[in-house]
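Q: File name work_11.txt; file contents compact mmCIF, N, CA, C and O atoms; full text below.
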# COMPACT_ATOMS: atom_id res chain seq x y z
N MET T 184 52.03 337.36 125.74
CA MET T 184 52.79 338.08 124.75
C MET T 184 51.97 338.17 123.46
O MET T 184 51.26 337.25 123.10
N SER T 185 52.08 339.30 122.78
CA SER T 185 51.38 339.49 121.52
C SER T 185 52.39 339.70 120.40
O SER T 185 53.57 339.94 120.65
N LEU T 186 51.91 339.65 119.18
CA LEU T 186 52.79 339.88 118.04
C LEU T 186 53.38 341.28 118.06
O LEU T 186 54.51 341.48 117.64
N ALA T 187 52.63 342.25 118.61
CA ALA T 187 53.12 343.63 118.69
C ALA T 187 54.26 343.77 119.70
O ALA T 187 54.97 344.78 119.69
N ASP T 188 54.47 342.77 120.54
CA ASP T 188 55.61 342.77 121.46
C ASP T 188 56.89 342.35 120.73
O ASP T 188 57.99 342.61 121.20
N ILE T 189 56.75 341.67 119.60
CA ILE T 189 57.88 341.16 118.84
C ILE T 189 58.12 341.97 117.56
O ILE T 189 59.25 342.23 117.19
N LEU T 190 57.02 342.36 116.93
CA LEU T 190 57.08 343.10 115.67
C LEU T 190 56.60 344.53 115.89
O LEU T 190 55.74 344.78 116.73
N SER T 191 57.11 345.44 115.11
CA SER T 191 56.70 346.84 115.19
C SER T 191 55.24 346.97 114.73
O SER T 191 54.89 346.50 113.64
N PRO T 192 54.39 347.63 115.53
CA PRO T 192 53.00 347.83 115.10
C PRO T 192 52.89 348.54 113.75
O PRO T 192 52.02 348.22 112.94
N SER T 193 53.80 349.48 113.47
CA SER T 193 53.74 350.17 112.18
C SER T 193 54.12 349.23 111.03
O SER T 193 53.57 349.33 109.93
N ASP T 194 55.06 348.30 111.28
CA ASP T 194 55.43 347.32 110.25
C ASP T 194 54.28 346.34 110.01
O ASP T 194 53.99 345.97 108.86
N ILE T 195 53.60 345.93 111.08
CA ILE T 195 52.43 345.05 110.94
C ILE T 195 51.37 345.75 110.11
O ILE T 195 50.81 345.18 109.17
N ALA T 196 51.09 347.02 110.43
CA ALA T 196 50.07 347.78 109.70
C ALA T 196 50.43 347.90 108.23
O ALA T 196 49.57 347.74 107.35
N ALA T 197 51.70 348.17 107.93
CA ALA T 197 52.15 348.29 106.54
C ALA T 197 51.99 346.97 105.79
O ALA T 197 51.55 346.95 104.63
N ALA T 198 52.32 345.87 106.44
CA ALA T 198 52.20 344.55 105.82
C ALA T 198 50.74 344.22 105.53
O ALA T 198 50.41 343.68 104.47
N LEU T 199 49.85 344.55 106.45
CA LEU T 199 48.43 344.30 106.26
C LEU T 199 47.84 345.18 105.16
O LEU T 199 47.01 344.73 104.37
N ARG T 200 48.29 346.44 105.10
CA ARG T 200 47.83 347.34 104.03
C ARG T 200 48.22 346.81 102.66
O ARG T 200 47.48 346.93 101.69
N ASP T 201 49.39 346.21 102.58
CA ASP T 201 49.91 345.71 101.31
C ASP T 201 49.08 344.57 100.74
O ASP T 201 49.10 344.33 99.54
N CYS T 202 48.34 343.87 101.58
CA CYS T 202 47.58 342.71 101.10
C CYS T 202 46.09 342.81 101.43
O CYS T 202 45.45 341.81 101.69
N GLN T 203 45.56 344.02 101.40
CA GLN T 203 44.14 344.21 101.71
C GLN T 203 43.21 343.57 100.67
O GLN T 203 42.16 343.05 101.02
N ALA T 204 43.59 343.64 99.41
CA ALA T 204 42.73 343.10 98.35
C ALA T 204 42.79 341.57 98.36
O ALA T 204 43.86 340.99 98.57
N PRO T 205 41.65 340.92 98.13
CA PRO T 205 41.66 339.45 98.04
C PRO T 205 42.65 338.98 96.99
O PRO T 205 42.82 339.60 95.94
N ASP T 206 43.31 337.88 97.28
CA ASP T 206 44.31 337.25 96.41
C ASP T 206 45.55 338.11 96.16
O ASP T 206 46.26 337.92 95.18
N SER T 207 45.83 339.04 97.08
CA SER T 207 47.04 339.87 96.95
C SER T 207 48.11 339.50 97.99
O SER T 207 49.18 340.09 98.01
N PHE T 208 47.82 338.49 98.83
CA PHE T 208 48.75 338.09 99.88
C PHE T 208 49.92 337.31 99.30
O PHE T 208 49.74 336.30 98.61
N SER T 209 51.12 337.78 99.57
CA SER T 209 52.35 337.07 99.19
C SER T 209 53.11 336.79 100.49
O SER T 209 53.54 337.73 101.16
N PRO T 210 53.26 335.51 100.86
CA PRO T 210 53.93 335.21 102.14
C PRO T 210 55.30 335.88 102.26
O PRO T 210 55.57 336.55 103.26
N LYS T 211 56.14 335.74 101.25
CA LYS T 211 57.50 336.28 101.32
C LYS T 211 57.48 337.80 101.52
O LYS T 211 58.20 338.33 102.36
N LYS T 212 56.63 338.49 100.77
CA LYS T 212 56.53 339.94 100.88
C LYS T 212 55.99 340.33 102.26
O LYS T 212 56.47 341.27 102.88
N PHE T 213 54.98 339.60 102.75
CA PHE T 213 54.42 339.89 104.06
C PHE T 213 55.48 339.74 105.15
O PHE T 213 55.59 340.58 106.04
N PHE T 214 56.26 338.67 105.07
CA PHE T 214 57.30 338.44 106.08
C PHE T 214 58.36 339.54 106.05
O PHE T 214 58.87 339.94 107.09
N GLN T 215 58.67 340.05 104.85
CA GLN T 215 59.66 341.13 104.74
C GLN T 215 59.11 342.44 105.29
O GLN T 215 59.76 343.10 106.10
N ILE T 216 57.91 342.83 104.85
CA ILE T 216 57.33 344.12 105.28
C ILE T 216 57.06 344.13 106.78
O ILE T 216 57.31 345.13 107.46
N SER T 217 56.58 343.02 107.32
CA SER T 217 56.25 342.96 108.75
C SER T 217 57.49 342.90 109.63
O SER T 217 57.41 343.11 110.84
N GLY T 218 58.64 342.60 109.04
CA GLY T 218 59.87 342.48 109.80
C GLY T 218 60.14 341.07 110.31
O GLY T 218 61.16 340.82 110.95
N MET T 219 59.23 340.13 110.01
CA MET T 219 59.41 338.76 110.50
C MET T 219 60.68 338.12 109.95
O MET T 219 61.34 337.37 110.65
N SER T 220 61.03 338.43 108.69
CA SER T 220 62.19 337.79 108.07
C SER T 220 63.51 338.19 108.72
O SER T 220 64.52 337.55 108.50
N LYS T 221 63.50 339.23 109.55
CA LYS T 221 64.71 339.69 110.23
C LYS T 221 64.79 339.23 111.69
O LYS T 221 65.72 339.59 112.40
N LYS T 222 63.83 338.45 112.13
CA LYS T 222 63.79 338.03 113.53
C LYS T 222 64.66 336.80 113.77
O LYS T 222 64.95 336.02 112.88
N THR T 223 65.05 336.63 115.02
CA THR T 223 65.87 335.49 115.42
C THR T 223 65.03 334.21 115.47
O THR T 223 63.80 334.27 115.47
N SER T 224 65.71 333.09 115.54
CA SER T 224 65.01 331.80 115.64
C SER T 224 64.09 331.76 116.85
O SER T 224 62.95 331.29 116.75
N SER T 225 64.55 332.26 117.99
CA SER T 225 63.70 332.22 119.19
C SER T 225 62.50 333.15 119.04
O SER T 225 61.40 332.82 119.51
N GLN T 226 62.68 334.29 118.39
CA GLN T 226 61.55 335.19 118.16
C GLN T 226 60.54 334.55 117.20
O GLN T 226 59.33 334.66 117.41
N LEU T 227 61.03 333.86 116.18
CA LEU T 227 60.13 333.19 115.25
C LEU T 227 59.38 332.04 115.92
O LEU T 227 58.21 331.81 115.61
N LYS T 228 60.01 331.37 116.84
CA LYS T 228 59.31 330.31 117.59
C LYS T 228 58.19 330.91 118.43
O LYS T 228 57.11 330.32 118.55
N GLU T 229 58.42 332.08 119.00
CA GLU T 229 57.37 332.76 119.78
C GLU T 229 56.24 333.22 118.87
O GLU T 229 55.06 333.08 119.21
N ILE T 230 56.58 333.76 117.70
CA ILE T 230 55.55 334.16 116.73
C ILE T 230 54.74 332.93 116.32
O ILE T 230 53.51 332.98 116.27
N PHE T 231 55.41 331.81 116.07
CA PHE T 231 54.72 330.57 115.72
C PHE T 231 53.75 330.17 116.82
O PHE T 231 52.60 329.83 116.56
N ARG T 232 54.20 330.24 118.07
CA ARG T 232 53.36 329.86 119.20
C ARG T 232 52.09 330.72 119.24
O ARG T 232 51.00 330.23 119.50
N ILE T 233 52.23 332.01 118.95
CA ILE T 233 51.08 332.92 118.95
C ILE T 233 50.14 332.58 117.79
O ILE T 233 48.91 332.59 117.94
N LEU T 234 50.70 332.26 116.63
CA LEU T 234 49.87 331.94 115.46
C LEU T 234 49.21 330.58 115.56
O LEU T 234 48.18 330.35 114.93
N ASP T 235 49.77 329.67 116.35
CA ASP T 235 49.20 328.34 116.56
C ASP T 235 48.03 328.47 117.54
O ASP T 235 48.16 328.22 118.73
N ASN T 236 46.90 328.87 117.00
CA ASN T 236 45.74 329.25 117.81
C ASN T 236 45.29 328.17 118.79
O ASN T 236 44.95 328.46 119.92
N ASP T 237 45.31 326.91 118.37
CA ASP T 237 44.85 325.83 119.25
C ASP T 237 45.99 325.19 120.06
O ASP T 237 45.77 324.23 120.78
N GLN T 238 47.20 325.75 119.91
CA GLN T 238 48.38 325.28 120.66
C GLN T 238 48.65 323.79 120.45
O GLN T 238 49.10 323.10 121.36
N SER T 239 48.42 323.31 119.22
CA SER T 239 48.64 321.90 118.90
C SER T 239 50.10 321.61 118.53
O SER T 239 50.48 320.46 118.38
N GLY T 240 50.88 322.67 118.34
CA GLY T 240 52.25 322.48 117.89
C GLY T 240 52.37 322.57 116.37
O GLY T 240 53.45 322.44 115.81
N PHE T 241 51.23 322.79 115.73
CA PHE T 241 51.17 322.92 114.28
C PHE T 241 50.19 324.02 113.92
O PHE T 241 49.24 324.28 114.66
N ILE T 242 50.41 324.64 112.76
CA ILE T 242 49.42 325.56 112.21
C ILE T 242 48.74 324.80 111.07
O ILE T 242 49.37 324.49 110.06
N GLU T 243 47.48 324.46 111.28
CA GLU T 243 46.72 323.69 110.30
C GLU T 243 46.05 324.64 109.30
O GLU T 243 45.95 325.83 109.52
N GLU T 244 45.56 324.04 108.21
CA GLU T 244 44.96 324.83 107.13
C GLU T 244 43.81 325.70 107.62
O GLU T 244 43.67 326.85 107.21
N ASP T 245 42.98 325.17 108.53
CA ASP T 245 41.85 325.98 109.01
C ASP T 245 42.32 327.17 109.85
O ASP T 245 41.63 328.18 109.93
N GLU T 246 43.50 327.08 110.47
CA GLU T 246 44.07 328.23 111.20
C GLU T 246 44.69 329.23 110.22
O GLU T 246 44.68 330.44 110.48
N LEU T 247 45.21 328.73 109.10
CA LEU T 247 45.90 329.59 108.15
C LEU T 247 44.98 330.64 107.52
O LEU T 247 45.41 331.75 107.25
N LYS T 248 43.72 330.29 107.29
CA LYS T 248 42.86 331.28 106.65
C LYS T 248 42.65 332.51 107.53
O LYS T 248 42.36 333.59 107.04
N TYR T 249 42.87 332.37 108.83
CA TYR T 249 42.75 333.50 109.76
C TYR T 249 44.11 334.11 110.09
O TYR T 249 44.23 334.88 111.04
N PHE T 250 45.14 333.76 109.30
CA PHE T 250 46.51 334.20 109.54
C PHE T 250 46.61 335.72 109.75
O PHE T 250 47.20 336.18 110.73
N LEU T 251 46.03 336.50 108.85
CA LEU T 251 46.12 337.97 108.95
C LEU T 251 45.41 338.49 110.19
O LEU T 251 45.85 339.48 110.79
N GLN T 252 44.33 337.83 110.60
CA GLN T 252 43.59 338.27 111.77
C GLN T 252 44.36 338.05 113.07
O GLN T 252 44.04 338.68 114.08
N ARG T 253 45.36 337.21 113.04
CA ARG T 253 46.21 337.03 114.23
C ARG T 253 47.10 338.26 114.43
O ARG T 253 47.56 338.51 115.53
N PHE T 254 47.30 339.03 113.36
CA PHE T 254 48.09 340.26 113.44
C PHE T 254 47.23 341.45 113.79
O PHE T 254 47.66 342.37 114.48
N GLU T 255 45.98 341.45 113.32
CA GLU T 255 45.02 342.51 113.62
C GLU T 255 43.62 341.92 113.47
O GLU T 255 43.28 341.42 112.41
N CYS T 256 42.81 342.03 114.51
CA CYS T 256 41.52 341.33 114.51
C CYS T 256 40.59 341.79 113.38
O CYS T 256 39.76 341.02 112.93
N GLY T 257 40.75 343.00 112.88
CA GLY T 257 39.88 343.48 111.80
C GLY T 257 40.36 343.13 110.41
O GLY T 257 39.72 343.48 109.42
N ALA T 258 41.48 342.43 110.30
CA ALA T 258 42.03 342.08 108.99
C ALA T 258 41.15 341.04 108.30
O ALA T 258 40.37 340.34 108.95
N ARG T 259 41.30 340.94 107.00
CA ARG T 259 40.49 339.99 106.23
C ARG T 259 41.01 338.56 106.42
O ARG T 259 42.12 338.34 106.88
N VAL T 260 40.17 337.60 106.04
CA VAL T 260 40.61 336.20 106.01
C VAL T 260 41.29 335.95 104.67
O VAL T 260 41.00 336.64 103.68
N LEU T 261 42.20 335.00 104.64
CA LEU T 261 42.85 334.64 103.39
C LEU T 261 41.86 333.88 102.50
O LEU T 261 41.02 333.12 103.01
N THR T 262 41.99 334.06 101.20
CA THR T 262 41.16 333.29 100.28
C THR T 262 41.64 331.83 100.28
O THR T 262 42.73 331.53 100.78
N ALA T 263 40.85 330.96 99.70
CA ALA T 263 41.23 329.54 99.64
C ALA T 263 42.55 329.36 98.91
O ALA T 263 43.41 328.58 99.34
N SER T 264 42.74 330.09 97.80
CA SER T 264 44.00 329.94 97.06
C SER T 264 45.19 330.50 97.83
O SER T 264 46.28 329.93 97.81
N GLU T 265 45.00 331.61 98.55
CA GLU T 265 46.07 332.17 99.38
C GLU T 265 46.44 331.21 100.51
O GLU T 265 47.62 331.03 100.82
N THR T 266 45.44 330.59 101.10
CA THR T 266 45.67 329.64 102.19
C THR T 266 46.48 328.45 101.68
O THR T 266 47.45 328.03 102.31
N LYS T 267 46.10 327.93 100.53
CA LYS T 267 46.83 326.79 99.95
C LYS T 267 48.26 327.17 99.57
O LYS T 267 49.19 326.39 99.76
N THR T 268 48.45 328.40 99.05
CA THR T 268 49.79 328.87 98.70
C THR T 268 50.67 328.98 99.94
O THR T 268 51.83 328.57 99.93
N LEU T 269 50.10 329.53 101.01
CA LEU T 269 50.84 329.66 102.27
C LEU T 269 51.19 328.29 102.83
O LEU T 269 52.33 328.06 103.25
N LEU T 270 50.26 327.38 102.81
CA LEU T 270 50.52 326.02 103.30
C LEU T 270 51.61 325.35 102.45
O LEU T 270 52.56 324.77 102.99
N ALA T 271 51.50 325.46 101.13
CA ALA T 271 52.47 324.83 100.24
C ALA T 271 53.87 325.41 100.42
O ALA T 271 54.87 324.70 100.27
N ALA T 272 53.96 326.69 100.78
CA ALA T 272 55.26 327.33 100.96
C ALA T 272 56.03 326.77 102.15
O ALA T 272 57.25 326.85 102.20
N ALA T 273 55.31 326.18 103.09
CA ALA T 273 55.97 325.72 104.32
C ALA T 273 55.88 324.23 104.59
O ALA T 273 56.73 323.69 105.28
N ASP T 274 54.87 323.58 104.08
CA ASP T 274 54.61 322.17 104.42
C ASP T 274 55.54 321.25 103.63
O ASP T 274 55.14 320.60 102.68
N HIS T 275 56.79 321.18 104.06
CA HIS T 275 57.80 320.41 103.34
C HIS T 275 57.60 318.89 103.45
O HIS T 275 58.00 318.16 102.56
N ASP T 276 56.99 318.43 104.53
CA ASP T 276 56.82 316.98 104.68
C ASP T 276 55.46 316.49 104.17
O ASP T 276 55.16 315.31 104.23
N GLY T 277 54.61 317.42 103.68
CA GLY T 277 53.35 317.03 103.07
C GLY T 277 52.29 316.50 104.00
O GLY T 277 51.36 315.83 103.57
N ASP T 278 52.38 316.85 105.30
CA ASP T 278 51.38 316.34 106.25
C ASP T 278 50.15 317.24 106.38
O ASP T 278 49.26 316.97 107.18
N GLY T 279 50.09 318.33 105.60
CA GLY T 279 48.92 319.20 105.62
C GLY T 279 48.90 320.21 106.74
O GLY T 279 47.87 320.84 106.99
N LYS T 280 50.03 320.38 107.41
CA LYS T 280 50.13 321.36 108.49
C LYS T 280 51.56 321.87 108.57
O LYS T 280 52.48 321.25 108.02
N ILE T 281 51.73 322.99 109.25
CA ILE T 281 53.04 323.63 109.34
C ILE T 281 53.56 323.49 110.77
O ILE T 281 52.92 323.94 111.72
N GLY T 282 54.72 322.86 110.91
CA GLY T 282 55.38 322.76 112.20
C GLY T 282 56.26 323.97 112.44
O GLY T 282 56.50 324.79 111.53
N ALA T 283 56.79 324.11 113.65
CA ALA T 283 57.60 325.27 114.01
C ALA T 283 58.84 325.40 113.13
O ALA T 283 59.18 326.50 112.70
N GLU T 284 59.51 324.29 112.86
CA GLU T 284 60.72 324.35 112.03
C GLU T 284 60.38 324.72 110.59
O GLU T 284 61.09 325.50 109.95
N GLU T 285 59.28 324.16 110.06
CA GLU T 285 58.85 324.50 108.71
C GLU T 285 58.50 325.99 108.62
O GLU T 285 58.85 326.65 107.63
N PHE T 286 57.84 326.50 109.66
CA PHE T 286 57.48 327.92 109.69
C PHE T 286 58.72 328.78 109.65
O PHE T 286 58.83 329.73 108.87
N GLN T 287 59.68 328.44 110.47
CA GLN T 287 60.93 329.21 110.55
C GLN T 287 61.65 329.19 109.20
O GLN T 287 62.13 330.22 108.73
N GLU T 288 61.74 328.03 108.57
CA GLU T 288 62.40 327.92 107.27
C GLU T 288 61.69 328.78 106.22
O GLU T 288 62.33 329.45 105.41
N MET T 289 60.35 328.77 106.23
CA MET T 289 59.58 329.55 105.27
C MET T 289 59.84 331.04 105.45
O MET T 289 60.08 331.75 104.49
N VAL T 290 59.82 331.51 106.68
CA VAL T 290 59.97 332.94 106.96
C VAL T 290 61.39 333.41 106.61
O VAL T 290 61.57 334.50 106.07
N GLN T 291 62.37 332.59 106.89
CA GLN T 291 63.77 333.00 106.69
C GLN T 291 64.30 332.73 105.29
O GLN T 291 65.40 333.13 104.98
N SER T 292 63.51 332.07 104.43
CA SER T 292 64.01 331.76 103.08
C SER T 292 63.86 332.93 102.13
O SER T 292 63.14 333.83 102.33
Reformat the file's structure so that it appears as structure tokens.

A:
Amino acid sequence: MSLADILSPSDIAAALRDCQAPDSFSPKKFFQISGMSKKTSSQLKEIFRILDNDQSGFIEEDELKYFLQRFECGARVLTASETKTLLAAADHDGDGKIGAEEFQEMVQS
């Protein structure tokens, strides 16, 4: 399964266009434009599974910088500050990684 099976390809493209410039990525805005914020819990768990590149059950900081590329392989990498902002938005327990429940809470908030 791919992200395009869950999210509209046109919504993904619009979300990526919105954050093309370095340091322009806003997690909340990206989740809204891409349609992620309207998905069910089970759909968000599937999106999390796809984004968890190493299938560790967590999205770690080194995976986060490639977050946009998981939506489209030609997309840019997140800057260091964008990566830290994304991690801080979800890492409620402070362990330096995002679990499935933390991811779901971040997207739906």

Q: Rank nothing, just name the residue among T:Asp206, T:Ser193, T:Val290, T:Leu199 nearest to T:Ser264, using all atoms listed in the file.

A: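 Selected residue with least distance to T:Ser264: T:Asp206.
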
Q: For the structure I just gave you, how does DSSP split stretch 185-289 of chain T - specifically, which residues are strand (DSSP E)? Reply as a ChimeraX atom specification.

A: /T:241-243,280-282

Q: Identify which of the residues T:Gln252, T:Ser185, T:Ser209, T:Ser217 lies closest to T:Ala197, counting all atoms listed in the file when measuring atom-to-atom distances.

A: T:Ser217

Q: Atom CA of T:Cys202 and atom CA of T:Glu284 are how many Å apart?

A: 25.1 Å

Q: Excluding stretch 258-262 of chain T and residues on its chain fewer than 2 positions from it, collect all residues at most 7 Å away from it, counting all atoms listed in the file, and give them as a count of residues only.

A: 18

Q: Quick one: pull the distance between atom CA of T:Ala272 and atom CA of T:Met289, Å, one decimal.

A: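 Answer for the atom CA of T:Ala272 to atom CA of T:Met289 separation: 6.5 Å.
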
Q: One decimal, Å: what's the distance from atom C of T:Ile281 over to atom N of T:Phe241, could you say?

A: 5.5 Å

Q: Which is closest to T:Asp245 among T:Ser225, T:Asp194, T:Gly279, T:Ala263, if we use all atoms listed in the file?

A: T:Gly279
